[in-house]
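Chemist: Starting off with a structure, shown below.
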Amino acid sequence: MMDLPLKVDFSGKVVVVTGAGGVLCGIMARAFAQAGAKVAALDLNEEAVKKLAAECRAEGFVCEGYKANVLEPEALEAVHQRVLKDLGPCDILVNGAGGNNARATTDNEYQHEAQDGQKTFFDLDAGGVDFVFKLNFQGTLLPTQAFAKDMVERKSGCILNVSSMNAYIPLTKIPAYSGAKAAVSNFTQWLATHFAGAGIRCNAIAPGFLIGNQNRGLLFNEDGTPTARSAKILNGTPMGRYVESEELLGGVFFLCDDKAASAITGVVLPIDAGFSAYSGV
């Protein structure tokens with residue numbers, strides 16, 4: 001049982017979470033289930049979401065896990081139909097699927113510092129860049145096409161996208177991921193406008209720097225001391241620390257609560273320990 005940051009009752013709501021096989025969206029799925037929602041946890045990693053669902057049910061909550069590829073419209077619609085049958089129409093959609101790819105990442109921060117054997121900007125793989133844009137942007141658009149239909153029919157609902165600090169100011173080394181997340185933020189505003197008359201709100205969160213299995217080796221040396229890149233991040237973060245995964249939940253719950261955020265749509269909420277507010281001076 002998690003110590004939830006807000007006492008929001010999502011009883012009777014069907015919440016669909018993509019990317020729920022990962023740490024962040026898995027925590028979100030658990031939190032919604034604990035808050036009373038009927039949760040559909042979607043991920044390409046079927047084993048991960050089945051395990052998540054089983055653990056939630058063991059604690060007395062309602063959660064079902066579904067294998068889903070967010071880049072395949074027909075597969076998403078098939079999952080949509082299963083969710084309708086198992087849990088009911090979607091009330092809240094959390095578009096959490098996304099990520100980066102090494103083929104779309106440079107080894108050096110600055111071109112003039114490039115050394116022989118490093119992957120530079122000129123070595124970025126077009127297929128890798130395309131994959132990152134598809135995973136983050138189309139991986140947000142296509143699930144919305146599948147599940148927002150339920151909301152349009154009932155003229156109510158909430159969509160929450162997951163953007164990033166990179167959408168505000170791009171980080172070095174990851175041009176495709178930064179650009180793709182900027183597209184997610186822009187798309188959030190577009191959806192908010194497009195669906196406003198249909199009674200659907202659409203917002204996003206922009207998580208700051210979190211420590212996960214994928215980036216732990218980039219942020220810390222083997223002896224536990226911060227790497228040079230980690231030191232830059234912390235020096236640029238007013239609170240001087242990384243964001244904990246559970247610290248995203250307050251913003252998630254607030255933006256998805258129709259009473260608390262009834263007039264809030266089209267915003268991207270930074271949850272970043274102050275990183276986006278600091279000029280460096």
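Each chain in the structure tokens gets a letter, A, B and so on, in the order shown; residues start at 1 in every chain, and ligands are counted from 1 in the order they appear.
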Using only C-alpha atoms, which residues of region 127-164 of chain A come within 7 Å of region 72-90 of chain A, and what is the closest atom pair for each, with the distance in Å to one decimal? Give it as a tab-separated table, sorted by chain and residue number.
Modeler:
```
residue	atom	partner	partner_atom	distance
A:Leu142	CA	A:Pro73	CA	6.3
A:Pro143	CA	A:Leu76	CA	6.6
A:Ala146	CA	A:Glu77	CA	5.7
A:Phe147	CA	A:Cys90	CA	6.2
A:Asp150	CA	A:Pro89	CA	5.5
A:Met151	CA	A:Cys90	CA	6.8
```
Chemist: With N, CA, C and O atoms retained, write the just-selected residues as a PDB file, in the first residue's frame.
Modeler:
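Here's the written file again02.pdb:
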```pdb
ATOM      1  N   LEU A 142      -2.033   7.647 -31.013  1.00  0.00           N
ATOM      2  CA  LEU A 142      -2.823   6.455 -31.364  1.00  0.00           C
ATOM      3  C   LEU A 142      -3.663   5.915 -30.196  1.00  0.00           C
ATOM      4  O   LEU A 142      -4.840   5.595 -30.394  1.00  0.00           O
ATOM      5  N   PRO A 143      -3.124   5.809 -28.965  1.00  0.00           N
ATOM      6  CA  PRO A 143      -3.995   5.403 -27.858  1.00  0.00           C
ATOM      7  C   PRO A 143      -5.127   6.391 -27.605  1.00  0.00           C
ATOM      8  O   PRO A 143      -6.233   5.999 -27.201  1.00  0.00           O
ATOM      9  N   ALA A 146      -7.900   5.641 -29.887  1.00  0.00           N
ATOM     10  CA  ALA A 146      -8.622   4.431 -29.500  1.00  0.00           C
ATOM     11  C   ALA A 146      -9.550   4.670 -28.315  1.00  0.00           C
ATOM     12  O   ALA A 146     -10.728   4.274 -28.338  1.00  0.00           O
ATOM     13  N   PHE A 147      -9.043   5.340 -27.260  1.00  0.00           N
ATOM     14  CA  PHE A 147      -9.801   5.387 -26.010  1.00  0.00           C
ATOM     15  C   PHE A 147     -10.608   6.671 -25.807  1.00  0.00           C
ATOM     16  O   PHE A 147     -11.558   6.687 -25.023  1.00  0.00           O
ATOM     17  N   ASP A 150     -14.596   6.762 -26.221  1.00  0.00           N
ATOM     18  CA  ASP A 150     -15.514   6.539 -25.097  1.00  0.00           C
ATOM     19  C   ASP A 150     -15.902   7.862 -24.454  1.00  0.00           C
ATOM     20  O   ASP A 150     -17.045   8.062 -24.041  1.00  0.00           O
ATOM     21  N   MET A 151     -14.934   8.763 -24.335  1.00  0.00           N
ATOM     22  CA  MET A 151     -15.173  10.044 -23.684  1.00  0.00           C
ATOM     23  C   MET A 151     -16.075  10.933 -24.534  1.00  0.00           C
ATOM     24  O   MET A 151     -16.959  11.626 -24.009  1.00  0.00           O
TER      25      MET A 151
END
```
Chemist: Go through region 116-185 of chain A and collect every residue that DSSP, computed from the backbone, puts in helix (DSSP H, G or I); the answer should be as JSON, numbers by chain.
Modeler: {"A": [121, 122, 123, 126, 127, 128, 129, 130, 131, 132, 133, 134, 135, 136, 137, 138, 139, 140, 141, 142, 143, 144, 145, 146, 147, 148, 149, 150, 151, 152, 153, 154, 165, 166, 167, 175, 176, 177, 178, 179, 180, 181, 182, 183, 184, 185]}
Chemist: Any chance you could export the current selection's C-alpha atoms as a compact mmCIF listing (two decimals), in the first residue's frame?
Modeler:
```txt
# COMPACT_ATOMS: atom_id res chain seq x y z
CA PHE A 121 25.39 14.34 -34.65
CA PHE A 122 26.36 13.30 -38.17
CA ASP A 123 26.23 9.63 -37.18
CA ALA A 126 17.60 8.02 -39.25
CA GLY A 127 15.71 4.88 -38.29
CA GLY A 128 16.49 5.41 -34.63
CA VAL A 129 15.32 9.02 -34.77
CA ASP A 130 12.13 7.93 -36.52
CA PHE A 131 11.51 5.25 -33.87
CA VAL A 132 11.88 7.76 -31.01
CA PHE A 133 9.43 10.18 -32.63
CA LYS A 134 6.95 7.41 -33.32
CA LEU A 135 7.18 5.94 -29.83
CA ASN A 136 6.64 9.25 -28.06
CA PHE A 137 4.36 11.19 -30.41
CA GLN A 138 2.38 8.51 -32.23
CA GLY A 139 2.53 6.47 -29.03
CA THR A 140 0.46 9.28 -27.52
CA LEU A 141 -1.76 10.02 -30.51
CA LEU A 142 -2.82 6.45 -31.36
CA PRO A 143 -3.99 5.40 -27.86
CA THR A 144 -5.92 8.68 -27.68
CA GLN A 145 -7.68 7.81 -30.93
CA ALA A 146 -8.62 4.43 -29.50
CA PHE A 147 -9.80 5.39 -26.01
CA ALA A 148 -11.02 8.98 -26.32
CA LYS A 149 -13.95 7.67 -28.38
CA ASP A 150 -15.51 6.54 -25.10
CA MET A 151 -15.17 10.04 -23.68
CA VAL A 152 -16.66 11.75 -26.74
CA GLU A 153 -19.72 9.51 -26.57
CA ARG A 154 -20.35 10.48 -22.93
CA MET A 165 11.88 18.65 -19.03
CA ASN A 166 13.44 18.20 -22.47
CA ALA A 167 10.33 19.75 -23.99
CA PRO A 175 17.96 15.58 -29.85
CA ALA A 176 15.27 13.15 -31.01
CA TYR A 177 13.85 12.53 -27.54
CA SER A 178 13.82 16.25 -26.76
CA GLY A 179 12.06 17.06 -30.02
CA ALA A 180 9.56 14.25 -29.58
CA LYS A 181 8.61 15.38 -26.07
CA ALA A 182 8.24 18.97 -27.31
CA ALA A 183 5.78 17.53 -29.82
CA VAL A 184 3.89 15.81 -26.98
CA SER A 185 3.55 19.13 -25.12
```
Chemist: I'd like the contact shell of Leu249 (chain A) - 10 Å cut-off, only C-alpha atoms, skipping same-chain residues fewer than 6 positions apart - returned as an NGL selection string.
Modeler: :A and (4-6 or 24 or 27-28 or 31-32 or 255 or 271)
Chemist: Could you dump the residues just selected with C-alpha atoms as an mmCIF file, in the first residue's frame?
Modeler:
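File produced: part.cif:
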```cif
data_model
loop_
_atom_site.group_PDB
_atom_site.id
_atom_site.type_symbol
_atom_site.label_atom_id
_atom_site.label_comp_id
_atom_site.auth_asym_id
_atom_site.auth_seq_id
_atom_site.Cartn_x
_atom_site.Cartn_y
_atom_site.Cartn_z
ATOM 1 C CA LEU A 4 -1.099 8.530 -1.492
ATOM 2 C CA PRO A 5 -0.461 12.294 -1.557
ATOM 3 C CA LEU A 6 -4.089 13.291 -2.125
ATOM 4 C CA LEU A 24 6.750 5.419 -13.378
ATOM 5 C CA ILE A 27 3.305 3.439 -9.871
ATOM 6 C CA MET A 28 0.580 5.590 -11.423
ATOM 7 C CA ALA A 31 -2.073 4.622 -7.220
ATOM 8 C CA PHE A 32 -5.245 4.898 -9.302
ATOM 9 C CA LEU A 255 -4.957 17.087 -13.030
ATOM 10 C CA ILE A 271 7.352 18.334 -11.498
#
```
Chemist: Would you mind telling me which residue in A:Gly212, A:Gly65, A:Gly157, A:Gly96 lies nearest to Val243 (chain A) when using only C-alpha atoms?
Modeler: A:Gly212
Chemist: Using DSSP on the backbone, list every residue of region 42-211 of chain A that comes out as strand (DSSP E), and give them as an NGL selection string.
Modeler: :A and (42-43 or 62-67 or 92-95 or 157-162 or 200-207)
Chemist: List the neighbours of Arg57 (chain A) out to 12 Å using only C-alpha atoms; skip same-chain residues closer than 5 positions along the sequence, and give me the result as an MDAnalysis selection string.
Modeler: chainID A and resid 1 30 33:34 36 38:39 50:52 62:65
Chemist: For CA of Tyr168 (chain A) and CA of Leu71 (chain A), determine how far apart the two atoms are, in Å to one decimal place.
Modeler: 25.1 Å
Chemist: Could you check which of A:Thr105, A:Ile200, A:Asn215, A:Ala277 is closest to Lys173 (chain A), using only C-alpha atoms?
Modeler: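 Among the listed residues, A:Thr105 lies closest to Lys173 (chain A).
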